[in-house]
Every structure is written in structure tokens, then in C-alpha cells.
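Written out below as C-alpha cells is the structure these notes cover.
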Amino acid sequence: MRILTIILLFIPISLLAQEIEWPDLSTFKYVSGRVAKEADISNQSAIFVLKNEGKYIGTPIKIVLPQYAIYTDGETNQKSKVVIIQAESAQGMNMYGAIDIRNGKGVVSIDTDFKLLGQKIDK
């Protein structure tokens with residue numbers, strides 16, 4: 001029993017040691033003031049393209065890009081630190097494209113799944 005107690009006490013300490021630092025925003029490419037196109041995905045400045053029947057249907061959302069945010073997965077409720085690099089609306093939905101800073105993968109979701117933190121953050 002004593003060993004189990006010691007192990008449990010060390011778990012929170014080890015999790016704190018894995019805290020992920022916010023990256024410098026100047027290292028991120030992004031799309032702002034226009035809709036993203038396929039070339040933007042190729043050069044990693046966008047995560048998604050909004051098209052219908054071959055026509056671009058997105059409208060850029062006026063937010064500061066890139067910027068820090070917390071993304072909450074709607075299914076798992078897991079929170080992740082992300083950098084938003086794209087913001088567009090289409091068919092009544094606001095969508096953000098972001099990079100998960102833990103694993104570098106793209107995230108696409110509705111705006112309400114993100115808590116915007118701006119461009120300056122205490123690191």
C-alpha cells in the first residue's frame with residue numbers, strides 16, 4: 001500500500017514536467033483577409049479549403065492571425081494548446097484552422113470549440 005501511495009504522489013509532478021511551452025508566432029504561416037486555396041494547404045499556411053461544386057464558398061473572418069488559443073475537443077472534452085492560422089465562415093458556420101502545438105497536427109473545428117488568447121501570452 002505504501003508503494004502505491006508514493007507512485008500516486010509522483011504522477012502530478014511528472015505531468016507538470018510535461019507542460020508544453022507556447023511557441024513563437026513568427027514561425028507560423030497563416031492565411032488572413034482572404035479564403036484559403038489548395039496552394040495554402042501545400043505550403044502549410046492553411047488547414048482546410050471551403051469549396052462547393054468547384055467554387056470557393058468561404059468568407060474570411062476578421063480576427064487577428066496567427067494567435068494562441070485553447071481548443072476543446074467536443075467529443076472527448078480534451079483541451080489542447082493550439083495556434084490558429086485560419087478563420088473562415090461558410091453556410092452560417094464559423095470555422096478555425098489551427099496547429100496543435102503538442103503534435104504539430106492540424107485541427108479544424110467550429111469557433112466555439114476555441115478560446116482565443118491573442119498574440120501575447122505569458123510563457
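Order determines the names: the first chain of the C-alpha cells is A, the second B, and so forth; residues in each chain are numbered 1 upward, and ligands are numbered 1 upward as they are shown.
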Report as a compact mmCIF listing (two decimals) with N, CA and C atoms, in the first residue's frame all protein, DNA and RNA residues lying within 12 Å of Asn52 of chain A, evaluated on only C-alpha atoms, omitting residues in the same chain fewer than 4 positions from it.
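Just written: selection-v9.txt:
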```
# COMPACT_ATOMS: atom_id res chain seq x y z
N TYR A 56 -15.11 28.33 -54.47
CA TYR A 56 -14.78 28.67 -53.09
C TYR A 56 -15.99 29.33 -52.44
N ILE A 57 -16.37 28.85 -51.27
CA ILE A 57 -17.57 29.38 -50.62
C ILE A 57 -17.25 30.06 -49.29
N GLY A 58 -16.00 30.04 -48.89
CA GLY A 58 -15.63 30.65 -47.61
C GLY A 58 -15.57 32.16 -47.67
N ALA A 90 -18.75 29.84 -43.65
CA ALA A 90 -19.50 29.38 -44.82
C ALA A 90 -20.78 28.73 -44.33
N GLN A 91 -21.84 28.99 -45.04
CA GLN A 91 -23.14 28.39 -44.75
C GLN A 91 -23.53 28.55 -43.28
```
Open item on the list: Please compute the atom CA of Asn43 of chain A-atom CA of Asp24 of chain A distance, one decimal, in Å.
Closed with: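 Answer for the atom CA of Asn43 of chain A to atom CA of Asp24 of chain A separation: 18.7 Å.
Residue neighbourhood of Gly104 of chain A, excluding near-sequence residues (fewer than 3 positions): A:Pro23, A:Phe28, A:Gln44, A:Ile47, A:Ser80, A:Lys81, A:Val82, A:Val83, A:Ala98, A:Ile99, A:Asp100, A:Ile101, A:Val107, at 12 Å, using only C-alpha atoms.
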Selection: 12 Å around Lys55 of chain A, only C-alpha atoms, excl. self and same-chain fewer than 4 positions, as a CSV table (one decimal) with C-alpha atoms, in the first residue's frame:
```
chain,number,residue,atom,x,y,z
A,35,VAL,CA,-10.1,32.5,-48.4
A,36,ALA,CA,-7.6,29.6,-48.3
A,37,LYS,CA,-6.8,27.8,-51.5
A,49,VAL,CA,-10.4,24.8,-48.1
A,50,LEU,CA,-14.1,25.5,-48.2
A,51,LYS,CA,-15.5,24.6,-51.7
```
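Nearest-residue note for Gly33 of chain A: choosing from A:Glu53, A:Asp73, A:Glu88, A:Glu21, the minimum distance belongs to A:Glu88, counting only C-alpha atoms.
The smallest atom-to-atom distance between Leu116 of chain A and any of A:Ile41, A:Met95, A:Ile70, A:Ile85, using only C-alpha atoms, is found for A:Ile70.
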TODO: Identify, with DSSP run on backbone atoms, the residues in chain A assigned to helix (DSSP H, G or I), and express the list as a list in words.
DONE: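 Residues meeting the helix (DSSP H, G or I) criterion: Arg2, Ile3, Leu4, Thr5, Ile6, Ile7, Leu8, Leu9, Phe10, Ile11, Pro12, Ile13, Ser14, Leu15, Leu16, Ala17, Leu25, Ser26, Thr27, Glu38, Ala39, Asp40, Ile41, Ser42, Asp111, Thr112 and Asp113 of chain A.
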- [ ] Counting only C-alpha atoms, figure out which residue out of A:Gly106, A:Lys62, A:Trp22, A:Asn77 gets nearest to Ile121 of chain A.
- [x] A:Trp22
Open item on the list: Please determine, counting only C-alpha atoms, which residue among A:Val64, A:Ile84, A:Leu117, A:Ile20 has the shortest atom-to-atom distance to Asn103 of chain A.
Closed with: A:Ile20
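Proximity to Gly97 of chain A was assessed for A:Phe48, A:Arg34, A:Pro60, A:Thr112 counting only C-alpha atoms; the smallest distance is recorded for A:Phe48.
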